[in-house]
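Novice: Below is a structure I'd like to ask you about.
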Amino acid sequence: MVVFDDSTATSDGNAPSSSTSLSLIQGIRHNDQEAWDRFVLLWGPLIYNRCRKWLPDACARDVSQEVFLAVCTGIHRFRRDGPKQRFRCWIRTVIRSKLQEHWRKNKRQIGPVGGSDNLEALGRIADPLSDDDDESWCSPGMIVARGLDILLPTLSPEVQQMVQLVYFEHYSYAEAAQKLGKTPEAVRQAMCRFRRDLKDMLDGFLD
């Protein structure tokens with residue numbers, strides 16, 4: 001079962017490593033466990049929160065599980081054949097499909113319990129997703145923020161300070177080095193490793 005919080009990190013408290021040369025999408029296609037773990041860690045809360053917008057907690061978790069199953073079995077059909085063929089668009093379609101399946105299933109179940117009046121009333125309810133074009137939940141900024149939430153706690157306090165100054169507060173390497181009592185080269189190398197790890201984590205999900 002997929003867990004929709006940060007407890008899917010590895011047992012030593014670190015995010016899964018980025019040693020594999022495959023992108024996450026390629027890794028999932030090749031049934032690479034590390035790639036799948038990283039995907040769940042990054043996307044689990046985003047998918048759950050999206051489902052939770054429309055469903056109570058227990059149903060949102062069930063539908064989220066269905067989304068992950070659909071990704072696992074259908075990722076080989078995902079292709080980047082044009083500007084609209086982005087992974088973010090594809091997974092939005094998967095979530096929409098699973099939400100609609102959930103509502104259709106519940107509609108069938110209501111008939112014998114609630115009677116014809118209840119079923120007729122439900123039939124008059126418009127699809128809540130029919131005019132929903134909200135992409136903010138999976139925007140590049142939101143995905144980067146999720147990646148930072150995962151990556152930052154795995155860094156040493158010293159590197160976290162460097163990231164705070166250079167990445168968030170836009171200090172130069174020299175300014176950060178002076179403030180932290182380090183050399184500019186040490187700051188530069190730490191930031192290169194940080195940016196590389198963040199890029200590896202988000203590979204394939206921002207374009």
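By order of appearance in the structure tokens: chains A, B, ..., then residues from 1 within every chain, and ligands from 1 in the order shown.
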May I have the residues within 12 Å of A:Leu55 as a list of chain:residue names, using only C-alpha atoms and disregarding those fewer than 4 positions away in the same chain?

Specialist: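 Counting only C-alpha atoms, the residues come to A:Tyr48, A:Asn49, A:Arg50, A:Cys51, A:Cys59, A:Ala60, A:Arg61, A:Asp62, A:Val63, A:Ser64, A:Lys98, A:Leu99, A:Gln100, A:His102, A:Trp103, A:Asn106, A:Pro128.
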
Novice: Within 12 Å of A:Glu175, counting only C-alpha atoms, which residues show up once you throw out same-chain ones fewer than 4 positions away? Write them as a ChimeraX atom specification, please.

Specialist: /A:162,165-166,169-171,179-185,187-188

Novice: A:Gln26: which residues within 12 Å, counting only C-alpha atoms, same-chain residues fewer than 2 positions away excluded, as a list in words?

Specialist: Thr20, Ser21, Leu22, Ser23, Leu24, Ile28, Arg29, His30, Asn31, Asp32, Gln33, Glu34, Ala35, Trp36, Phe39, Cys72, Ile75, His76, Arg77, Phe78, Arg79, Asp203, Gly204 and Phe205 of chain A

Novice: Export N, CA and C atoms of the chosen residues as a PDB file, in the first residue's frame?

Specialist:
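To be explicit, this is the file written out as selection_24.pdb:
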```pdb
ATOM      1  N   THR A  20      20.779   5.870  -9.860  1.00  0.00           N
ATOM      2  CA  THR A  20      20.394   5.317 -11.143  1.00  0.00           C
ATOM      3  C   THR A  20      20.494   6.358 -12.242  1.00  0.00           C
ATOM      4  N   SER A  21      20.952   5.921 -13.429  1.00  0.00           N
ATOM      5  CA  SER A  21      21.081   6.840 -14.546  1.00  0.00           C
ATOM      6  C   SER A  21      19.766   7.019 -15.286  1.00  0.00           C
ATOM      7  N   LEU A  22      18.804   6.175 -14.997  1.00  0.00           N
ATOM      8  CA  LEU A  22      17.511   6.289 -15.657  1.00  0.00           C
ATOM      9  C   LEU A  22      16.714   7.430 -15.048  1.00  0.00           C
ATOM     10  N   SER A  23      15.896   8.116 -15.858  1.00  0.00           N
ATOM     11  CA  SER A  23      14.941   9.046 -15.296  1.00  0.00           C
ATOM     12  C   SER A  23      13.905   8.258 -14.517  1.00  0.00           C
ATOM     13  N   LEU A  24      13.159   8.942 -13.665  1.00  0.00           N
ATOM     14  CA  LEU A  24      12.140   8.259 -12.888  1.00  0.00           C
ATOM     15  C   LEU A  24      11.121   7.591 -13.794  1.00  0.00           C
ATOM     16  N   ILE A  28      10.411   3.635 -13.807  1.00  0.00           N
ATOM     17  CA  ILE A  28       9.109   3.009 -13.541  1.00  0.00           C
ATOM     18  C   ILE A  28       8.749   2.056 -14.676  1.00  0.00           C
ATOM     19  N   ARG A  29       9.015   2.456 -15.901  1.00  0.00           N
ATOM     20  CA  ARG A  29       8.736   1.576 -17.044  1.00  0.00           C
ATOM     21  C   ARG A  29       9.528   0.276 -16.964  1.00  0.00           C
ATOM     22  N   HIS A  30      10.733   0.365 -16.374  1.00  0.00           N
ATOM     23  CA  HIS A  30      11.592  -0.817 -16.280  1.00  0.00           C
ATOM     24  C   HIS A  30      11.443  -1.523 -14.931  1.00  0.00           C
ATOM     25  N   ASN A  31      10.369  -1.194 -14.195  1.00  0.00           N
ATOM     26  CA  ASN A  31      10.091  -1.840 -12.909  1.00  0.00           C
ATOM     27  C   ASN A  31      11.245  -1.685 -11.921  1.00  0.00           C
ATOM     28  N   ASP A  32      11.897  -0.521 -11.957  1.00  0.00           N
ATOM     29  CA  ASP A  32      12.997  -0.240 -11.032  1.00  0.00           C
ATOM     30  C   ASP A  32      12.421   0.211  -9.685  1.00  0.00           C
ATOM     31  N   GLN A  33      12.715  -0.539  -8.631  1.00  0.00           N
ATOM     32  CA  GLN A  33      12.115  -0.257  -7.334  1.00  0.00           C
ATOM     33  C   GLN A  33      12.532   1.107  -6.788  1.00  0.00           C
ATOM     34  N   GLU A  34      13.785   1.476  -6.994  1.00  0.00           N
ATOM     35  CA  GLU A  34      14.251   2.773  -6.508  1.00  0.00           C
ATOM     36  C   GLU A  34      13.487   3.912  -7.177  1.00  0.00           C
ATOM     37  N   ALA A  35      13.298   3.797  -8.485  1.00  0.00           N
ATOM     38  CA  ALA A  35      12.554   4.826  -9.205  1.00  0.00           C
ATOM     39  C   ALA A  35      11.118   4.903  -8.690  1.00  0.00           C
ATOM     40  N   TRP A  36      10.497   3.749  -8.466  1.00  0.00           N
ATOM     41  CA  TRP A  36       9.121   3.743  -7.964  1.00  0.00           C
ATOM     42  C   TRP A  36       9.045   4.374  -6.574  1.00  0.00           C
ATOM     43  N   PHE A  39       9.260   8.053  -6.940  1.00  0.00           N
ATOM     44  CA  PHE A  39       8.019   8.569  -7.510  1.00  0.00           C
ATOM     45  C   PHE A  39       6.935   8.678  -6.434  1.00  0.00           C
ATOM     46  N   CYS A  72       1.299   2.442 -12.591  1.00  0.00           N
ATOM     47  CA  CYS A  72       2.179   1.271 -12.672  1.00  0.00           C
ATOM     48  C   CYS A  72       1.892   0.444 -13.917  1.00  0.00           C
ATOM     49  N   ILE A  75       2.088   3.217 -17.473  1.00  0.00           N
ATOM     50  CA  ILE A  75       3.155   4.167 -17.773  1.00  0.00           C
ATOM     51  C   ILE A  75       3.783   3.903 -19.136  1.00  0.00           C
ATOM     52  N   HIS A  76       3.744   2.662 -19.608  1.00  0.00           N
ATOM     53  CA  HIS A  76       4.332   2.345 -20.916  1.00  0.00           C
ATOM     54  C   HIS A  76       3.574   3.021 -22.051  1.00  0.00           C
ATOM     55  N   ARG A  77       2.330   3.462 -21.781  1.00  0.00           N
ATOM     56  CA  ARG A  77       1.548   4.140 -22.823  1.00  0.00           C
ATOM     57  C   ARG A  77       1.786   5.638 -22.855  1.00  0.00           C
ATOM     58  N   PHE A  78       2.495   6.158 -21.851  1.00  0.00           N
ATOM     59  CA  PHE A  78       2.759   7.594 -21.819  1.00  0.00           C
ATOM     60  C   PHE A  78       3.861   7.938 -22.812  1.00  0.00           C
ATOM     61  N   ARG A  79       3.583   8.915 -23.675  1.00  0.00           N
ATOM     62  CA  ARG A  79       4.557   9.365 -24.661  1.00  0.00           C
ATOM     63  C   ARG A  79       4.591  10.883 -24.688  1.00  0.00           C
ATOM     64  N   ASP A 203      13.469  14.837 -12.396  1.00  0.00           N
ATOM     65  CA  ASP A 203      13.685  14.553 -13.818  1.00  0.00           C
ATOM     66  C   ASP A 203      12.436  13.979 -14.470  1.00  0.00           C
ATOM     67  N   GLY A 204      11.991  14.636 -15.539  1.00  0.00           N
ATOM     68  CA  GLY A 204      10.848  14.152 -16.306  1.00  0.00           C
ATOM     69  C   GLY A 204       9.499  14.693 -15.853  1.00  0.00           C
ATOM     70  N   PHE A 205       9.468  15.426 -14.749  1.00  0.00           N
ATOM     71  CA  PHE A 205       8.183  15.856 -14.198  1.00  0.00           C
ATOM     72  C   PHE A 205       7.906  17.360 -14.380  1.00  0.00           C
TER      73      PHE A 205
END
```

Novice: Check the smallest atom-to-atom distance from each of A:Gly74, A:Pro157, A:Pro56, A:Gly141 to A:Leu206 using only C-alpha atoms, then report the winner.

Specialist: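 Looking only at the distances to A:Leu206, the closest residue turns out to be A:Gly141.
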